[in-house]
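Novice: What follows is a single structure, and I will ask about it in a moment.
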Amino acid sequence: MKRILVTGGAGFIGSHLCERLLREGNEVICLDNYFTGSKQNVVHLLNNPYFELVRHDVTEPYFAEVDEIYNLACPASPPFYQYNPIKTIKTSVMGAINMLGLAKRVNAKILQASTSEVYGDPKVHPQPESYWGNVNPIGIRSCYDEGKRCAETLFMDYHNQNNVKIKIIRIFNTYGPRMNPNDGRVVSNFIMQALKGEDITIFGDGKQTRSFQYVDDLVEGMIRMMNSEDAFIGPVNIGNPGEFTMIELAEKIIKMTQSNSKLVFQKLPQDDPLQRKPVIDLAETILNGWNPMVDLNDGLQKTISYYEHLLCSEEAI
Ligand code: NAD
Ligand code: UDP
């Protein structure tokens with residue numbers, strides 16, 4: 001049995017990861033300050049004697065004897081990470097320093113949840129890991145993008161200088177049950193708007209693209225990466241190469257929810273990337289044939305059902 005620390009474990013992805021790690025017979029410490037996550041996401045795990053929930057902010061040092069660390073703590077949705085940009089960059093940078101320091105001290109393996117945002121508004125399409133990106137260092141997305149880029153640098157430097165066993169994955173847009181319905185990301189926004197019969201808010205002309213990955217595929221990739229041989233440190237892209245415009249996504253969701261919602265067009269936020277699609281050859285080769293298994297229709301159906309239940313239980317209160 002391994003003892004595994006998951007920072008940001010009460011968030012959307014973190015809660016799925018904690019669940020899976022417990023199912024595989026590990027002991028899990030879930031650390032979170034509940035900025036964008038909630039106890040509700042992990043309440044079903046609290047009866048498990050091998051699960052521990054700790055309220056803690058990763059910008060402060062933390063100590064525990066652990067074998068592995070998954071570092072996920074960081075708000076991921078633009079409205080939330082832009083709410084307090086200084087705190088966002090502190091979370092990425094000081095959080096990385098604190099968790100790498102812990103990994104060094106207890107000789108734990110540590111995985112960083114990096115992001116496709118390190119490619120910024122990419123000029124190379126699709127994006128391989130070798131692309132250095134096109135990131136504005138002083139824009140409204142910079143606190144997140146540059147924070148994550150600096151965290152990657154810190155991971156590499158702790159590895160090269162102190163032999164810390166590191167793993168870096170670059171996660172592309174991921175969706176699924178337990179995404180905060182109010183967090184402002186496109187999948188949760190469109191589904192909630194469609195279910196409530198409200199206008200669907202398309203930013204810009206809606207021709208920008210994203211590649212959407214279902215959360216179970218990501219968790220599988222994360223665990224395979226953590227368990228891959230020590231010499232393979234990444235960075236490696238983990239995403240689903242299926243690429244869709246925001247109009248295509250909206251139309252799909254309207255159809256699946258049989259909604260009467262109409263599309264309305266709003267201003268495109270500053271520095272919003274025009275296109276994004278991962279090259280996943282490296283993950284396929286190194287992670288024993290890892291491949292996304294859940295296509296967008298199936299994943300959206302599961303996510304729509306989750307939000308339908310959420311709305312029903314809200315109505316019942
Ligand atoms: P999320 O907002 O649901 O989860 C982030 C969690 O981190 C939340 O529980 C939040 O409360 C916690 N947190 C934030 N600041 C903290 C701090 N200072 N100390 C302790 N905990 C803190 O978002 P998510 O989608 O689950 O993302 C998880 C990780 O994956 C993030 O690091 C994010 O950057 C990365 N990622 C996600 C996506 C995606 O599409 N979902 C894409 C790329 C990268
Ligand atoms: N978007 C949109 N309507 C919304 C929310 C987002 O059109 O209500 C667009 C947003 O401008 C971006 C894409 O959807 O082009 C994905 O946005 P999200 O915040 O989910 O992820 P990110 O931009 O970080 O990839």
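Labels for the structure tokens follow display order: chains A, B, ..., residues from 1 in each chain, ligands from 1.
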Within 6 Å of ligand 2, which residues of chain A show up? Give each one with its shortest atom-to-atom distance in Å (one decimal) and the two atoms involved, counting only C-alpha atoms and all ligand atoms, rows by chain then rising residue number, as a Markdown table.

Specialist:
```
| residue | atom | partner | partner_atom_place_in_ligand_line | distance |
| --- | --- | --- | --- | --- |
| A:Ser77 | CA | ligand 2 | 19 (O) | 5.7 |
| A:Pro78 | CA | ligand 2 | 19 (O) | 5.5 |
| A:Asn173 | CA | ligand 2 | 25 (O) | 5.9 |
| A:Gly184 | CA | ligand 2 | 5 (C) | 5.8 |
| A:Arg185 | CA | ligand 2 | 20 (O) | 3.5 |
| A:Val186 | CA | ligand 2 | 5 (C) | 3.8 |
| A:Asn189 | CA | ligand 2 | 8 (O) | 5.2 |
| A:Thr201 | CA | ligand 2 | 8 (O) | 4.7 |
| A:Ile202 | CA | ligand 2 | 7 (O) | 3.7 |
| A:Phe203 | CA | ligand 2 | 7 (O) | 3.8 |
| A:Gln208 | CA | ligand 2 | 15 (O) | 5.7 |
| A:Met246 | CA | ligand 2 | 7 (O) | 5.8 |
| A:Leu268 | CA | ligand 2 | 11 (O) | 5.8 |
| A:Asp272 | CA | ligand 2 | 15 (O) | 5.6 |
```

Novice: Please identify all polymer residues within 10 Å of Val294 in chain A, counting only C-alpha atoms, omitting same-chain residues fewer than 6 positions from it, and present them as a list in words.

Specialist: Gln213, Tyr214, Val215, Asp216, Asp217, Asn240 and Leu300 of chain A

Novice: Which residues are close to range 247-263 of chain A, i.e. within 10 Å by only C-alpha atoms, leaving aside same-chain residues fewer than 6 positions away? Reply as a VMD selection string.

Specialist: chain A and resid 186 to 187 189 to 203 205 to 210 212 296 to 297 300 to 301 304 to 305 308

Novice: Any idea what the distance is between CA of His56 in chain A and CA of Thr303 in chain A?

Specialist: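 Rounded to one decimal, the two atoms are 29.0 Å apart.
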
Novice: Show me, as a tab-separated table, the residues of chain A having an atom within 8 Å of ligand 1, each with the closest atom pair and its distance in Å, using only C-alpha atoms and all ligand atoms.

Specialist:
```
residue	atom	partner	partner_atom_place_in_ligand_line	distance
A:Thr7	CA	ligand 1	21 (N)	6.1
A:Gly8	CA	ligand 1	7 (O)	3.4
A:Gly9	CA	ligand 1	9 (O)	5.8
A:Ala10	CA	ligand 1	9 (O)	4.3
A:Gly11	CA	ligand 1	9 (O)	3.1
A:Phe12	CA	ligand 1	26 (O)	3.7
A:Ile13	CA	ligand 1	26 (O)	3.7
A:Gly14	CA	ligand 1	26 (O)	5.5
A:Ser15	CA	ligand 1	26 (O)	7.7
A:Leu31	CA	ligand 1	20 (C)	6.4
A:Asp32	CA	ligand 1	21 (N)	3.8
A:Asn33	CA	ligand 1	20 (C)	4.3
A:Tyr34	CA	ligand 1	11 (O)	3.6
A:Phe35	CA	ligand 1	11 (O)	3.7
A:Thr36	CA	ligand 1	11 (O)	4.0
A:Gly37	CA	ligand 1	9 (O)	3.1
A:Ser38	CA	ligand 1	9 (O)	6.2
A:Arg55	CA	ligand 1	20 (C)	7.7
A:His56	CA	ligand 1	20 (C)	5.7
A:Asp57	CA	ligand 1	19 (N)	3.5
A:Val58	CA	ligand 1	19 (N)	4.1
A:Thr59	CA	ligand 1	18 (N)	5.6
A:Asn71	CA	ligand 1	32 (O)	7.0
A:Leu72	CA	ligand 1	32 (O)	3.9
A:Ala73	CA	ligand 1	7 (O)	3.5
A:Cys74	CA	ligand 1	14 (C)	3.9
A:Pro75	CA	ligand 1	2 (O)	4.1
A:Ala76	CA	ligand 1	34 (O)	4.5
A:Ser77	CA	ligand 1	2 (O)	6.5
A:Phe80	CA	ligand 1	2 (O)	7.9
A:Lys87	CA	ligand 1	18 (N)	7.4
A:Thr88	CA	ligand 1	15 (N)	7.1
A:Lys90	CA	ligand 1	18 (N)	7.6
A:Thr91	CA	ligand 1	18 (N)	4.7
A:Ser92	CA	ligand 1	18 (N)	7.9
A:Gly95	CA	ligand 1	18 (N)	7.0
A:Gln112	CA	ligand 1	32 (O)	7.9
A:Ala113	CA	ligand 1	35 (C)	5.1
A:Ser114	CA	ligand 1	44 (C)	5.4
A:Thr115	CA	ligand 1	43 (C)	4.0
A:Ser116	CA	ligand 1	43 (C)	6.1
A:Glu117	CA	ligand 1	43 (C)	7.2
A:Tyr144	CA	ligand 1	34 (O)	7.8
A:Lys148	CA	ligand 1	34 (O)	7.6
A:Arg170	CA	ligand 1	43 (C)	6.6
A:Ile171	CA	ligand 1	43 (C)	4.2
A:Phe172	CA	ligand 1	42 (C)	4.9
A:Asn173	CA	ligand 1	40 (O)	3.5
A:Thr174	CA	ligand 1	40 (O)	3.7
A:Tyr175	CA	ligand 1	41 (N)	6.1
A:Arg178	CA	ligand 1	3 (O)	7.9
A:Met179	CA	ligand 1	3 (O)	6.1
A:Asn180	CA	ligand 1	3 (O)	6.7
A:Asp183	CA	ligand 1	2 (O)	8.0
A:Phe212	CA	ligand 1	40 (O)	8.0
A:Gln213	CA	ligand 1	40 (O)	7.9
```
